[in-house]
Amino acid sequence: MSYSLEKSGISRTYLIAIIVIIVVVAVVIAAYYTVMIKPSKPSVTISCPLPSNTSVLISIENEPPNSVDPATGFYAGEDEIMTNVYQGLIAFDITSTNVTTFVPIIAESWYVAPNYTTYIFYIRHGVYFANGDPVNATTFWFSIYRVIIMNQVDASFFTNILYNGTEASITGYAIPWGVCHAITYATGNNAFITNKTLCAYALANILSNFDVHNTTIQKIMEYPNQAIVVIDPYTIEFKLLQPYMFLLQILAEYPASAVDPVFVDQHGGVVPNQQNTYMNTHTMGTGPYQVTQWVPGEMVVLQANPNYWAAKLPSSESNIMLTPPKIKTIIIEYTSSANQIISMLDSGKAQLMGPLAIPALSPMYLSSLEQNPCLKVVVEPPSAPTWLFLMITLDTQKYPLNITAVRVALAHAINYTEIIDTVAPGVGIPYVGPISPGMPFYNPDNLPPYNYDPNLSIEILRELGFKLTLPNGTIINPNGQPLTLTLTYVSDDPAQVKIAQEVQIMLSQIGVQLTLNPVTTQQEENLISQPCTAPTYPQMLIWYWFPSWPDPIYQDLVVQTNVKYSGIAGNVACFNNTEVNEITNVLPFMTNTTLVTKYVSTVYNITYQQVPDIWLYAIRQYWVQSCYVSGVYWNPGVLGYYFPLMYYNFTACKP
């Protein structure tokens with residue numbers, strides 16, 4: 001049966017009006033609730049790959065250690081391990097970006113004489129090694145004298161400060177100043193003063209049989225006229241050969257760490273000029289971690305020290321650098337493959353990268369990692385000193401780079417902006433060496449970086465008579481000698497590979513033929529360990545530089561410009577300028593900052609004009625961490641990570 005609206009007595013128009021009114025009312029009500037009553041959204045976190053074990057953190061890095069002995073280890077990967085295993089009297093404040101703020105570690109306080117020749121430290125009671133052996137003033141007398149008499153590369157931290165470097169080069173033994181007299185005083189045998197070999201082996205014998213209760217050893221340590229004096233069991237005095245403003249920076253580094261005398265003596269003792277092979281691979285420090293596993297070239301495992309002395313300190317006596325570890329196990333894996341680093345970070349198999357993964361993961365790769373919401377790419381703040389930089393060293397001792405004008409021409413032939421934009425975007429900054437940007441005394445006259453001016457380069461080389469064949473076919477000085485050069489670089493560093501290719505193109509624009517010579521890191525070190533005049537010494541070399549400790553004078557300016565540090569010691573260009581040599585022989589031990597600035601300015605201007613090195617860019621340190629890793633700090637004096645402060649915060653990964 002059909003049924004119509006008319007038959008029901010309701011008109012179609014009236015019904016439509018009612019429907020419209022109902023719809024309008026519904027829309028108004030819905031709008032009200034939409035605007036006035038906003039339902040809360042549930043908290044959402046990114047589904048990031050989490051660690052399989054929250055007691056373990058994996059860091060992927062580039063430079064594996066060769067030694068974990070504070071007397072022997074020297075390279076970046078070794079620094080990081082020893083910073084977490086060993087402790088010294090003081091440490092850099094990890095929360096600061098400067099290198100002049102220190103916190104007490106094994107020392108509870110200290111005094112620095114106004115003339116910078118005497119430093120006194122008052123040592124805490126109750127400090128002990130991981131095995132329970134006690135620490136006091138005699139421990140540091142033993143530890144630092146051991147570093148010096150072993151005369152490995154880390155003895156250089158104390159050259160001309162606690163021992164005479166010139167005397168060591170003549171006699172063949174690095175001996176703390178005054179200790180031969182101390183041994184004579186305690187034994188009555190004058191031969192220790194005149195016979196340095198006898199003295200060196202006598203000291204090594206004392207250190208290899210170190211009994212602090214032995215009255216003869218006590219008399220030796222208490223003798224007042226020597227490098228380090230034990231005043232009493234908890235007071236130690238450093239007496240320097242000459243004034244030095246940056247001793248605290250050295251004492252905050254690992255060569256000044258406490259090493260257990262009992263442990264050393266049980267495992268090979270001390271021999272002049274020799275490494276201790278057992279200590280190269282085993283640790284016994286006072287620090288928050290211990291090395292429990294080491295696969296050379298592949299992996300190091302750090303385990304939290306279960307007997308960490310600082311864990312028992314009252315809060316009033318502690319500081320951030322004495323914090324017990326929050327993550328119990330740190331696994332450091334090593335690779336030179338950028339693809340492997342990226343894969344491990346993206347997959348969550350590693351929670352950290354670098355800053356010791358440089359150069360394996362050059363800045364060219366950072367943009368891809370920044371796209372991953374589960375990762376944080378962190379660049380050190382502009383206020384931090386930039387102690388790492390990249391340059392091209394020029395062998396100033398052989399033709400044609402022994403001609404200053406040739407070096408000047410090369411400096412103006414390179415487009416530094418293009419290199420930074422291509423190879424180090426966001427982290428590379430122009431600079432003028434040899435001091436690290438941001439450090440005291442950097443570039444006192446504000447000299448500008450060399451400007452890119454290929455026409456100037458061509459004109460300089462034209463006046464020198466070199467034959468130049470330009471890309472457009474123009475030949476300058478057709479009867480001259482072509483200028484051909486070779487650039488050596490490390491082949492597994494993507495940044496160096498790219499720079500080498502770009503420099504080759506840039507030099508071709510001024511008619512210079514550049515041959516590229518890729519090598520391994522070990523080959524590079526072997527090449528610059530040769531005499532500068534050796535035929536195979538690198539003519540041009542792409543070279544990273546950072547100071548052993550943050551002293552801008554001794555460790556940046558002096559070792560890069562003084563001829564006695566030629567080669568791998570720092571002056572890779574083998575630069576030899578009489579005025580610079582005379583200034584830099586005495587400059588590290590000046591304490592008048594006005595005079596220091598004046599002489600630094602002189603050295604800067606000479607090197608700027610004579611171009612022993614082409615400064616490419618300084619590198620703002622950067623690293624990558626999983627979004628849930630917290631407690632990561634960076635201080636230029638603490639090379640690598642300080643792991644005790646790190647912890648997992650899984651609420652930190654937000655969409």
# chains A, B, ... in the order shown; residues from 1 in each chain; ligands from 1
>>> residues_around(residues="Val512 (chain A)", least_positions_apart="4", cutoff="7 Å", atoms="only C-alpha atoms", output="list in words")
Leu468, Leu483, Thr484, Leu507 and Ser508 of chain A
>>> residues_around(residues="Ala304 (chain A)", least_positions_apart="3", cutoff="7 Å", atoms="only C-alpha atoms", output="count of residues only")
6
>>> residues_around(residues="Thr594 (chain A)", least_positions_apart="5", cutoff="12 Å", atoms="only C-alpha atoms", output="CSV table (one decimal) with C-alpha atoms, in the first residue's frame")
chain,number,residue,atom,x,y,z
A,441,PHE,CA,95.9,33.9,21.8
A,444,PRO,CA,95.7,38.2,17.7
A,587,LEU,CA,107.5,31.2,24.2
A,599,TYR,CA,105.3,37.2,20.2
A,600,VAL,CA,102.3,35.1,19.0
A,601,SER,CA,101.5,37.9,16.7
>>> residues_around(residues="region 204-207 of chain A", least_positions_apart="2", cutoff="9 Å", atoms="only C-alpha atoms", output="JSON, numbers by chain")
{"A": [142, 143, 145, 146, 149, 150, 199, 200, 201, 202, 209, 210, 211, 217, 261, 264, 265, 269, 270, 271, 272]}
>>> closest_residue(among="A:Thr138, A:Lys239, A:Ile499, A:Gly73", to="Tyr163 (chain A)", atoms="only C-alpha atoms")
A:Lys239
>>> atom_distance(atom1="CA of Gln509 (chain A)", atom2="CA of Arg407 (chain A)")
16.0 Å
>>> select_by_dssp(residues="region 527-643 of chain A", states="alpha helix (DSSP H)", output="MDAnalysis selection string")
chainID A and resid 527:528 559:561 578:586 593:610
>>> write_last_selection(atoms="C-alpha atoms", output="mmCIF file, in the first residue's frame")
data_model
loop_
_atom_site.group_PDB
_atom_site.id
_atom_site.type_symbol
_atom_site.label_atom_id
_atom_site.label_comp_id
_atom_site.auth_asym_id
_atom_site.auth_seq_id
_atom_site.Cartn_x
_atom_site.Cartn_y
_atom_site.Cartn_z
ATOM 1 C CA LEU A 527 105.816 8.722 5.450
ATOM 2 C CA ILE A 528 105.973 11.675 7.831
ATOM 3 C CA VAL A 559 105.079 22.268 17.649
ATOM 4 C CA GLN A 560 103.649 23.273 14.278
ATOM 5 C CA THR A 561 106.239 25.960 13.543
ATOM 6 C CA THR A 578 115.229 31.422 12.359
ATOM 7 C CA GLU A 579 113.114 34.121 13.996
ATOM 8 C CA VAL A 580 110.212 31.755 14.576
ATOM 9 C CA ASN A 581 112.549 29.131 16.050
ATOM 10 C CA GLU A 582 114.087 31.640 18.467
ATOM 11 C CA ILE A 583 110.705 32.891 19.647
ATOM 12 C CA THR A 584 109.076 29.484 19.988
ATOM 13 C CA ASN A 585 112.027 28.060 21.947
ATOM 14 C CA VAL A 586 111.090 30.309 24.883
ATOM 15 C CA THR A 593 100.250 37.546 28.649
ATOM 16 C CA THR A 594 100.941 40.890 26.979
ATOM 17 C CA LEU A 595 104.379 39.718 25.914
ATOM 18 C CA VAL A 596 103.013 36.329 24.879
ATOM 19 C CA THR A 597 100.425 38.023 22.661
ATOM 20 C CA LYS A 598 103.117 40.162 21.054
ATOM 21 C CA TYR A 599 105.297 37.170 20.158
ATOM 22 C CA VAL A 600 102.334 35.088 19.023
ATOM 23 C CA SER A 601 101.450 37.950 16.691
ATOM 24 C CA THR A 602 104.971 37.904 15.253
ATOM 25 C CA VAL A 603 104.886 34.156 14.592
ATOM 26 C CA TYR A 604 101.400 34.438 13.102
ATOM 27 C CA ASN A 605 102.456 37.124 10.641
ATOM 28 C CA ILE A 606 105.583 35.263 9.543
ATOM 29 C CA THR A 607 103.782 31.978 8.939
ATOM 30 C CA TYR A 608 100.879 33.783 7.265
ATOM 31 C CA GLN A 609 103.253 35.385 4.787
ATOM 32 C CA GLN A 610 105.380 32.300 4.181
#
>>> closest_atom_pairs(of="region 554-619 of chain A", to="region 529-550 of chain A", cutoff="7 Å", atoms="only C-alpha atoms", output="CSV")
residue,atom,partner,partner_atom,distance
A:Gln555,CA,A:Pro547,CA,5.1
A:Asp556,CA,A:Pro547,CA,5.9
A:Gly567,CA,A:Ser529,CA,6.0
A:Ile568,CA,A:Ser529,CA,5.5
A:Cys574,CA,A:Cys532,CA,6.3
>>> write_last_selection(atoms="N, CA, C and O atoms", output="JSON list (two decimals), in the first residue's frame")
[["chain", "number", "residue", "atom", "x", "y", "z"],
["A", 555, "GLN", "N", 101.35, 23.49, 22.36],
["A", 555, "GLN", "CA", 100.82, 22.35, 21.61],
["A", 555, "GLN", "C", 100.26, 22.69, 20.24],
["A", 555, "GLN", "O", 100.07, 21.82, 19.41],
["A", 556, "ASP", "N", 99.94, 23.95, 20.00],
["A", 556, "ASP", "CA", 99.48, 24.36, 18.68],
["A", 556, "ASP", "C", 100.60, 25.11, 17.96],
["A", 556, "ASP", "O", 101.20, 24.61, 17.01],
["A", 567, "GLY", "N", 108.17, 17.06, 11.04],
["A", 567, "GLY", "CA", 107.64, 15.72, 10.77],
["A", 567, "GLY", "C", 106.45, 15.40, 11.62],
["A", 567, "GLY", "O", 105.63, 16.27, 11.95],
["A", 568, "ILE", "N", 106.35, 14.15, 12.02],
["A", 568, "ILE", "CA", 105.16, 13.65, 12.70],
["A", 568, "ILE", "C", 104.94, 14.31, 14.05],
["A", 568, "ILE", "O", 103.83, 14.31, 14.59],
["A", 574, "CYS", "N", 107.80, 20.95, 7.91],
["A", 574, "CYS", "CA", 109.25, 21.09, 8.12],
["A", 574, "CYS", "C", 109.68, 22.55, 8.00],
["A", 574, "CYS", "O", 110.77, 22.86, 7.49]]
>>> atom_distance(atom1="CA of Met221 (chain A)", atom2="CA of Thr166 (chain A)")
24.2 Å
